[in-house]
Amino acid sequence: MIGDPIAGVEHPGLPMKASLRPQSEPIRIICIDDDEEEFVLLSHMLSSLHDFPVELTWIETFEAGLAALSQNAADIFLIDYCLGARTGLDLLLEARRMGSSRPTLLLTGQGNREIDLHAAALGAADYLEKGSLTAAMLERSVRYALRQWMMMTALKESNRELMRVQDQLEAEKAALARTAADLAEARNVCDAQRQEMETIALTDALTGIANRRHFTEIAEREVSRARRHNNRLSLLLLDIDGFKQINDGLGHAYGDETLCLFSEAVSRELRRSDTLARLGGDEFAILSPQTALAGAFRLGERIRRAVSALRVPGSPNGVRVAVSIGVTDWQAGEPAIQTALGRADKALYRAKRSGRDRVCVLAAEDDVAEPYPDLVPAGSASAGFTE
């Protein structure tokens with residue numbers, strides 16, 4: 001069941017009153033869900049948002065939903081994971097093959113990391129758990145998905161316009177030689193705008209590091225390079241311990257400052273070839289090319305110690321920051337990074353379960369995390385490779 005439809009607070013990074021469309025033109029949303037009761041609850045959530053006009057339509061079958069997606073019949077689609085004998089992931093896959101381009105949000109009654117990663121790989125803008133869903137959370141996800149889609153649409157339109165102007169000017173170049181300087185200036189302006197839009201689309205707005213989409217693109221390139229050259233490739237997942245308590249107890253402003261301070265501290269421990277990304281909330285990932293598992297563990301330990309020296313900026317009692325880290329490596333037989341992400345997430349869960357503020361490693365060939373005491377520094381608070 002969906003949670004409280006009214007409760008929730010605004011995130012400072014996504015202003016609730018930011019206008020995406022004229023007030024006279026509501027946002028068209030299609031909810032694809034075979035449970036009418038869930039649709040009614042979603043409708044109640046969206047109807048409670050006075051500054052967020054919505055035109056909501058319900059589709060209850062997989063087939064009708066696929067038809068609507070393929071026709072881009074709405075501005076955004078809310079898709080339930082369970083659709084009779086099929087799943088929302090099946091629907092996303094088929095819609096993508098048919099050329100659907102509108103943003104989608106996947107809703108599920110169960111929190112499942114693999115489903116989340118699979119949904120992201122299929123282009124879903126967000127993955128929402130019904131049990132904890134609030135009106136404010138739903139609105140933020142809708143706003144973010146639409147904003148990203150609008151930026152990418154504007155980028156494509158800018159590229160088309162640039163090509164049109166270039167073709168026209170090339171045809172007139174002989175007769176209008178004096179316009180060459182103006183053409184060069186226009187091209188520079190367009191390139192700068194395109195680079196700025198690409199940066200916005202690929203960068204986390206709060207911390208300034210790579211966002212989830214950019215991380216996925218870099219991971220695909222690094223996997224291809226590692227496979228081609230038979231190189232090592234390691235992956236670290238990081239989760240700030242007790243971040244919810246910082247947000248709830250001190251406020252979102254303190255939470256945002258903590259995320260920025262954390263990102264800066266982690267970045268200082270990385271090489272130029274490493275990639276740090278914010279996957280969402282207080283979860284981060286590091287891709288470390290040409291790094292074996294032992295080296296990735298040592299990197300995790302350096303990061304853990306650096307983070308343990310941090311304090312929440314301006315907190316009344318100097319609240320300490322700590323991090324749990326899951327480490328694994330990509331194996332040549334794995335087609336993409338998703339399998340390694342799932343393994344790193346499992347190692348991260350072990351680190352959390354073992355007491356937090358520690359690094360846990362899970363190699364691809366291990367059924368469970370085996371101990372490697374020679375890799376654990378003397379006196380370290382980390383659990384190393386143990387559970």
# chains A, B, ... in the order shown; residues from 1 in each chain; ligands from 1

$ closest_atom_pairs --of "region 182-243 of chain A" --to "region 131-152 of chain A" --cutoff "9 Å" --atoms "only C-alpha atoms" --output "Markdown table"
| residue | atom | partner | partner_atom | distance |
| --- | --- | --- | --- | --- |
| A:Met197 | CA | A:Met151 | CA | 7.0 |
| A:Glu198 | CA | A:Met152 | CA | 8.2 |
| A:Ile200 | CA | A:Met151 | CA | 8.4 |
| A:Ala201 | CA | A:Gln148 | CA | 6.6 |

$ select_by_dssp --residues "region 110-232 of chain A" --states "helix (DSSP H, G or I)" --output "number ranges by chain"
A: 113-121, 130-132, 135-172, 177-202, 212-229

$ residues_around --residues "Ala226 (chain A)" --least-positions-apart "6" --cutoff "12 Å" --atoms "only C-alpha atoms" --output "list in words"
Ala219, Glu220, Arg232, Leu233, Ser234, Leu287, Ser288, Pro289, Gln290, Thr291, Ala292, Asp329, Trp330, Gln331, Ala332, Gly333, Glu334, Pro335, Ala336 and Ile337 of chain A

$ residues_around --residues "Arg96 (chain A)" --least-positions-apart "2" --cutoff "12 Å" --atoms "only C-alpha atoms" --output "ChimeraX atom specification"
/A:66-67,69-72,89-94,98-104,119,121-124

$ select_by_dssp --residues "region 129-339 of chain A" --states "strand (DSSP E)" --output "list in words"
Glu129, Leu233, Ser234, Leu235, Leu236, Leu237, Leu238, Asp239, Ile240, Thr275, Leu276, Ala277, Arg278, Leu279, Gly280, Glu283, Phe284, Ala285, Ile286, Leu287, Ser288, Pro289, Val323, Ser324, Ile325, Gly326, Val327, Thr328 and Asp329 of chain A

$ write_last_selection --atoms "N, CA and C atoms" --output "PDB file, in the first residue's frame"
ATOM      1  N   GLU A 129       9.117   3.181  -3.606  1.00  0.00           N
ATOM      2  CA  GLU A 129       8.479   2.145  -2.806  1.00  0.00           C
ATOM      3  C   GLU A 129       7.160   2.681  -2.261  1.00  0.00           C
ATOM      4  N   LEU A 233      39.214  -4.025 -12.745  1.00  0.00           N
ATOM      5  CA  LEU A 233      38.242  -2.951 -12.552  1.00  0.00           C
ATOM      6  C   LEU A 233      37.497  -3.217 -11.249  1.00  0.00           C
ATOM      7  N   SER A 234      37.613  -2.286 -10.304  1.00  0.00           N
ATOM      8  CA  SER A 234      36.974  -2.469  -8.995  1.00  0.00           C
ATOM      9  C   SER A 234      35.867  -1.442  -8.788  1.00  0.00           C
ATOM     10  N   LEU A 235      34.944  -1.818  -7.894  1.00  0.00           N
ATOM     11  CA  LEU A 235      33.757  -1.006  -7.637  1.00  0.00           C
ATOM     12  C   LEU A 235      33.534  -0.907  -6.136  1.00  0.00           C
ATOM     13  N   LEU A 236      33.252   0.313  -5.666  1.00  0.00           N
ATOM     14  CA  LEU A 236      32.951   0.540  -4.258  1.00  0.00           C
ATOM     15  C   LEU A 236      31.605   1.228  -4.141  1.00  0.00           C
ATOM     16  N   LEU A 237      30.755   0.732  -3.246  1.00  0.00           N
ATOM     17  CA  LEU A 237      29.498   1.399  -2.896  1.00  0.00           C
ATOM     18  C   LEU A 237      29.623   1.964  -1.496  1.00  0.00           C
ATOM     19  N   LEU A 238      29.242   3.226  -1.313  1.00  0.00           N
ATOM     20  CA  LEU A 238      29.386   3.906  -0.028  1.00  0.00           C
ATOM     21  C   LEU A 238      28.030   4.405   0.446  1.00  0.00           C
ATOM     22  N   ASP A 239      27.785   4.268   1.740  1.00  0.00           N
ATOM     23  CA  ASP A 239      26.536   4.731   2.332  1.00  0.00           C
ATOM     24  C   ASP A 239      26.861   5.416   3.663  1.00  0.00           C
ATOM     25  N   ILE A 240      26.443   6.673   3.812  1.00  0.00           N
ATOM     26  CA  ILE A 240      26.734   7.424   5.034  1.00  0.00           C
ATOM     27  C   ILE A 240      25.924   6.843   6.186  1.00  0.00           C
ATOM     28  N   THR A 275      36.268   7.367 -10.664  1.00  0.00           N
ATOM     29  CA  THR A 275      35.020   8.115 -10.831  1.00  0.00           C
ATOM     30  C   THR A 275      34.182   7.992  -9.576  1.00  0.00           C
ATOM     31  N   LEU A 276      33.808   9.143  -9.003  1.00  0.00           N
ATOM     32  CA  LEU A 276      32.900   9.194  -7.860  1.00  0.00           C
ATOM     33  C   LEU A 276      31.551   9.710  -8.338  1.00  0.00           C
ATOM     34  N   ALA A 277      30.470   9.025  -7.962  1.00  0.00           N
ATOM     35  CA  ALA A 277      29.122   9.436  -8.381  1.00  0.00           C
ATOM     36  C   ALA A 277      28.159   9.307  -7.211  1.00  0.00           C
ATOM     37  N   ARG A 278      27.171  10.167  -7.216  1.00  0.00           N
ATOM     38  CA  ARG A 278      26.079  10.064  -6.242  1.00  0.00           C
ATOM     39  C   ARG A 278      24.922   9.356  -6.930  1.00  0.00           C
ATOM     40  N   LEU A 279      24.589   8.157  -6.446  1.00  0.00           N
ATOM     41  CA  LEU A 279      23.516   7.371  -7.045  1.00  0.00           C
ATOM     42  C   LEU A 279      22.146   7.846  -6.589  1.00  0.00           C
ATOM     43  N   GLY A 280      22.101   8.494  -5.431  1.00  0.00           N
ATOM     44  CA  GLY A 280      20.833   8.982  -4.899  1.00  0.00           C
ATOM     45  C   GLY A 280      20.895   9.018  -3.384  1.00  0.00           C
ATOM     46  N   GLU A 283      23.765   7.583  -0.934  1.00  0.00           N
ATOM     47  CA  GLU A 283      24.473   6.444  -1.512  1.00  0.00           C
ATOM     48  C   GLU A 283      25.368   6.915  -2.656  1.00  0.00           C
ATOM     49  N   PHE A 284      26.640   6.510  -2.605  1.00  0.00           N
ATOM     50  CA  PHE A 284      27.629   6.917  -3.594  1.00  0.00           C
ATOM     51  C   PHE A 284      28.313   5.673  -4.163  1.00  0.00           C
ATOM     52  N   ALA A 285      28.939   5.834  -5.316  1.00  0.00           N
ATOM     53  CA  ALA A 285      29.681   4.729  -5.944  1.00  0.00           C
ATOM     54  C   ALA A 285      31.005   5.253  -6.472  1.00  0.00           C
ATOM     55  N   ILE A 286      32.016   4.374  -6.443  1.00  0.00           N
ATOM     56  CA  ILE A 286      33.340   4.699  -6.988  1.00  0.00           C
ATOM     57  C   ILE A 286      33.723   3.594  -7.966  1.00  0.00           C
ATOM     58  N   LEU A 287      34.127   3.997  -9.160  1.00  0.00           N
ATOM     59  CA  LEU A 287      34.644   3.075 -10.157  1.00  0.00           C
ATOM     60  C   LEU A 287      36.149   3.307 -10.242  1.00  0.00           C
ATOM     61  N   SER A 288      36.926   2.247 -10.013  1.00  0.00           N
ATOM     62  CA  SER A 288      38.382   2.386  -9.950  1.00  0.00           C
ATOM     63  C   SER A 288      39.036   1.476 -10.991  1.00  0.00           C
ATOM     64  N   PRO A 289      39.389   1.998 -12.177  1.00  0.00           N
ATOM     65  CA  PRO A 289      39.998   1.180 -13.235  1.00  0.00           C
ATOM     66  C   PRO A 289      41.407   0.733 -12.854  1.00  0.00           C
ATOM     67  N   VAL A 323      31.045   6.156   7.497  1.00  0.00           N
ATOM     68  CA  VAL A 323      30.601   5.563   6.240  1.00  0.00           C
ATOM     69  C   VAL A 323      30.822   4.049   6.268  1.00  0.00           C
ATOM     70  N   SER A 324      29.882   3.332   5.667  1.00  0.00           N
ATOM     71  CA  SER A 324      30.039   1.898   5.413  1.00  0.00           C
ATOM     72  C   SER A 324      30.297   1.713   3.924  1.00  0.00           C
ATOM     73  N   ILE A 325      31.199   0.775   3.598  1.00  0.00           N
ATOM     74  CA  ILE A 325      31.641   0.618   2.212  1.00  0.00           C
ATOM     75  C   ILE A 325      31.607  -0.849   1.814  1.00  0.00           C
ATOM     76  N   GLY A 326      31.016  -1.127   0.647  1.00  0.00           N
ATOM     77  CA  GLY A 326      31.042  -2.456   0.053  1.00  0.00           C
ATOM     78  C   GLY A 326      31.934  -2.450  -1.177  1.00  0.00           C
ATOM     79  N   VAL A 327      32.840  -3.431  -1.276  1.00  0.00           N
ATOM     80  CA  VAL A 327      33.843  -3.463  -2.340  1.00  0.00           C
ATOM     81  C   VAL A 327      33.740  -4.775  -3.105  1.00  0.00           C
ATOM     82  N   THR A 328      33.857  -4.692  -4.422  1.00  0.00           N
ATOM     83  CA  THR A 328      33.942  -5.890  -5.261  1.00  0.00           C
ATOM     84  C   THR A 328      34.713  -5.532  -6.516  1.00  0.00           C
ATOM     85  N   ASP A 329      34.892  -6.518  -7.395  1.00  0.00           N
ATOM     86  CA  ASP A 329      35.565  -6.255  -8.663  1.00  0.00           C
ATOM     87  C   ASP A 329      34.740  -6.822  -9.806  1.00  0.00           C
TER      88      ASP A 329
END

$ closest_residue --among "A:Leu183, A:Leu362, A:Ala177, A:Ala347" --to "Leu293 (chain A)" --atoms "only C-alpha atoms"
A:Leu362

$ decode --residues "region 168-263 of chain A" --atoms "C-alpha atoms" --output "PDB file, in the first residue's frame"
ATOM      1  CA  GLN A 168      22.370  27.231 -44.380  1.00  0.00           C
ATOM      2  CA  LEU A 169      25.538  29.199 -43.754  1.00  0.00           C
ATOM      3  CA  GLU A 170      27.659  26.743 -45.740  1.00  0.00           C
ATOM      4  CA  ALA A 171      25.380  27.235 -48.749  1.00  0.00           C
ATOM      5  CA  GLU A 172      25.724  31.028 -48.486  1.00  0.00           C
ATOM      6  CA  LYS A 173      29.434  31.115 -47.583  1.00  0.00           C
ATOM      7  CA  ALA A 174      30.678  32.093 -51.060  1.00  0.00           C
ATOM      8  CA  ALA A 175      28.366  35.112 -51.300  1.00  0.00           C
ATOM      9  CA  LEU A 176      28.532  36.073 -47.639  1.00  0.00           C
ATOM     10  CA  ALA A 177      32.218  35.712 -46.786  1.00  0.00           C
ATOM     11  CA  ARG A 178      31.964  38.581 -44.323  1.00  0.00           C
ATOM     12  CA  THR A 179      29.630  36.493 -42.139  1.00  0.00           C
ATOM     13  CA  ALA A 180      32.379  33.939 -41.388  1.00  0.00           C
ATOM     14  CA  ALA A 181      33.313  35.678 -38.160  1.00  0.00           C
ATOM     15  CA  ASP A 182      29.686  35.790 -37.070  1.00  0.00           C
ATOM     16  CA  LEU A 183      29.305  32.097 -37.902  1.00  0.00           C
ATOM     17  CA  ALA A 184      32.337  31.175 -35.777  1.00  0.00           C
ATOM     18  CA  GLU A 185      30.972  33.195 -32.874  1.00  0.00           C
ATOM     19  CA  ALA A 186      27.543  31.600 -33.191  1.00  0.00           C
ATOM     20  CA  ARG A 187      29.116  28.158 -33.265  1.00  0.00           C
ATOM     21  CA  ASN A 188      31.107  28.897 -30.112  1.00  0.00           C
ATOM     22  CA  VAL A 189      27.972  30.082 -28.322  1.00  0.00           C
ATOM     23  CA  CYS A 190      26.028  26.986 -29.379  1.00  0.00           C
ATOM     24  CA  ASP A 191      28.884  24.688 -28.327  1.00  0.00           C
ATOM     25  CA  ALA A 192      29.119  26.392 -24.949  1.00  0.00           C
ATOM     26  CA  GLN A 193      25.357  26.071 -24.428  1.00  0.00           C
ATOM     27  CA  ARG A 194      25.426  22.430 -25.464  1.00  0.00           C
ATOM     28  CA  GLN A 195      28.325  21.682 -23.120  1.00  0.00           C
ATOM     29  CA  GLU A 196      26.534  23.460 -20.274  1.00  0.00           C
ATOM     30  CA  MET A 197      23.335  21.473 -20.868  1.00  0.00           C
ATOM     31  CA  GLU A 198      25.276  18.219 -21.069  1.00  0.00           C
ATOM     32  CA  THR A 199      27.014  19.081 -17.794  1.00  0.00           C
ATOM     33  CA  ILE A 200      23.656  19.803 -16.123  1.00  0.00           C
ATOM     34  CA  ALA A 201      22.221  16.530 -17.385  1.00  0.00           C
ATOM     35  CA  LEU A 202      25.200  14.476 -16.154  1.00  0.00           C
ATOM     36  CA  THR A 203      26.042  16.205 -12.849  1.00  0.00           C
ATOM     37  CA  ASP A 204      24.501  15.885  -9.398  1.00  0.00           C
ATOM     38  CA  ALA A 205      23.048  19.336  -8.687  1.00  0.00           C
ATOM     39  CA  LEU A 206      23.944  19.316  -4.966  1.00  0.00           C
ATOM     40  CA  THR A 207      27.471  17.898  -4.791  1.00  0.00           C
ATOM     41  CA  GLY A 208      28.765  18.685  -8.288  1.00  0.00           C
ATOM     42  CA  ILE A 209      29.995  15.116  -8.864  1.00  0.00           C
ATOM     43  CA  ALA A 210      28.699  12.642 -11.475  1.00  0.00           C
ATOM     44  CA  ASN A 211      25.065  11.624 -11.183  1.00  0.00           C
ATOM     45  CA  ARG A 212      23.642   8.129 -11.600  1.00  0.00           C
ATOM     46  CA  ARG A 213      23.145   8.448 -15.356  1.00  0.00           C
ATOM     47  CA  HIS A 214      26.711   9.649 -15.938  1.00  0.00           C
ATOM     48  CA  PHE A 215      28.069   6.866 -13.726  1.00  0.00           C
ATOM     49  CA  THR A 216      26.250   4.277 -15.843  1.00  0.00           C
ATOM     50  CA  GLU A 217      27.736   5.714 -19.049  1.00  0.00           C
ATOM     51  CA  ILE A 218      31.267   5.785 -17.612  1.00  0.00           C
ATOM     52  CA  ALA A 219      30.865   2.246 -16.254  1.00  0.00           C
ATOM     53  CA  GLU A 220      29.905   0.963 -19.699  1.00  0.00           C
ATOM     54  CA  ARG A 221      33.015   2.530 -21.218  1.00  0.00           C
ATOM     55  CA  GLU A 222      35.307   1.226 -18.465  1.00  0.00           C
ATOM     56  CA  VAL A 223      33.875  -2.290 -18.727  1.00  0.00           C
ATOM     57  CA  SER A 224      34.527  -2.273 -22.485  1.00  0.00           C
ATOM     58  CA  ARG A 225      38.088  -1.013 -21.918  1.00  0.00           C
ATOM     59  CA  ALA A 226      38.780  -3.550 -19.177  1.00  0.00           C
ATOM     60  CA  ARG A 227      37.465  -6.380 -21.348  1.00  0.00           C
ATOM     61  CA  ARG A 228      39.493  -5.223 -24.369  1.00  0.00           C
ATOM     62  CA  HIS A 229      42.790  -4.855 -22.481  1.00  0.00           C
ATOM     63  CA  ASN A 230      42.182  -7.536 -19.829  1.00  0.00           C
ATOM     64  CA  ASN A 231      42.504  -4.907 -17.079  1.00  0.00           C
ATOM     65  CA  ARG A 232      41.307  -5.013 -13.479  1.00  0.00           C
ATOM     66  CA  LEU A 233      38.242  -2.951 -12.552  1.00  0.00           C
ATOM     67  CA  SER A 234      36.974  -2.469  -8.995  1.00  0.00           C
ATOM     68  CA  LEU A 235      33.757  -1.006  -7.637  1.00  0.00           C
ATOM     69  CA  LEU A 236      32.951   0.540  -4.258  1.00  0.00           C
ATOM     70  CA  LEU A 237      29.498   1.399  -2.896  1.00  0.00           C
ATOM     71  CA  LEU A 238      29.386   3.906  -0.028  1.00  0.00           C
ATOM     72  CA  ASP A 239      26.536   4.731   2.332  1.00  0.00           C
ATOM     73  CA  ILE A 240      26.734   7.424   5.034  1.00  0.00           C
ATOM     74  CA  ASP A 241      25.928   5.859   8.399  1.00  0.00           C
ATOM     75  CA  GLY A 242      22.996   7.417  10.231  1.00  0.00           C
ATOM     76  CA  PHE A 243      22.319  10.001   7.530  1.00  0.00           C
ATOM     77  CA  LYS A 244      18.564   9.823   8.114  1.00  0.00           C
ATOM     78  CA  GLN A 245      19.127  10.830  11.739  1.00  0.00           C
ATOM     79  CA  ILE A 246      21.178  13.830  10.575  1.00  0.00           C
ATOM     80  CA  ASN A 247      18.408  14.884   8.192  1.00  0.00           C
ATOM     81  CA  ASP A 248      15.583  14.273  10.656  1.00  0.00           C
ATOM     82  CA  GLY A 249      17.357  15.539  13.765  1.00  0.00           C
ATOM     83  CA  LEU A 250      19.233  18.554  12.411  1.00  0.00           C
ATOM     84  CA  GLY A 251      17.348  19.377   9.219  1.00  0.00           C
ATOM     85  CA  HIS A 252      17.880  19.014   5.490  1.00  0.00           C
ATOM     86  CA  ALA A 253      20.260  21.986   5.311  1.00  0.00           C
ATOM     87  CA  TYR A 254      22.691  20.146   7.611  1.00  0.00           C
ATOM     88  CA  GLY A 255      22.142  16.993   5.568  1.00  0.00           C
ATOM     89  CA  ASP A 256      22.986  18.792   2.324  1.00  0.00           C
ATOM     90  CA  GLU A 257      26.153  20.302   3.833  1.00  0.00           C
ATOM     91  CA  THR A 258      27.158  16.857   5.056  1.00  0.00           C
ATOM     92  CA  LEU A 259      26.722  15.357   1.568  1.00  0.00           C
ATOM     93  CA  CYS A 260      28.890  18.093   0.037  1.00  0.00           C
ATOM     94  CA  LEU A 261      31.573  17.761   2.722  1.00  0.00           C
ATOM     95  CA  PHE A 262      31.530  13.980   2.334  1.00  0.00           C
ATOM     96  CA  SER A 263      31.916  14.220  -1.466  1.00  0.00           C
TER      97      SER A 263
END
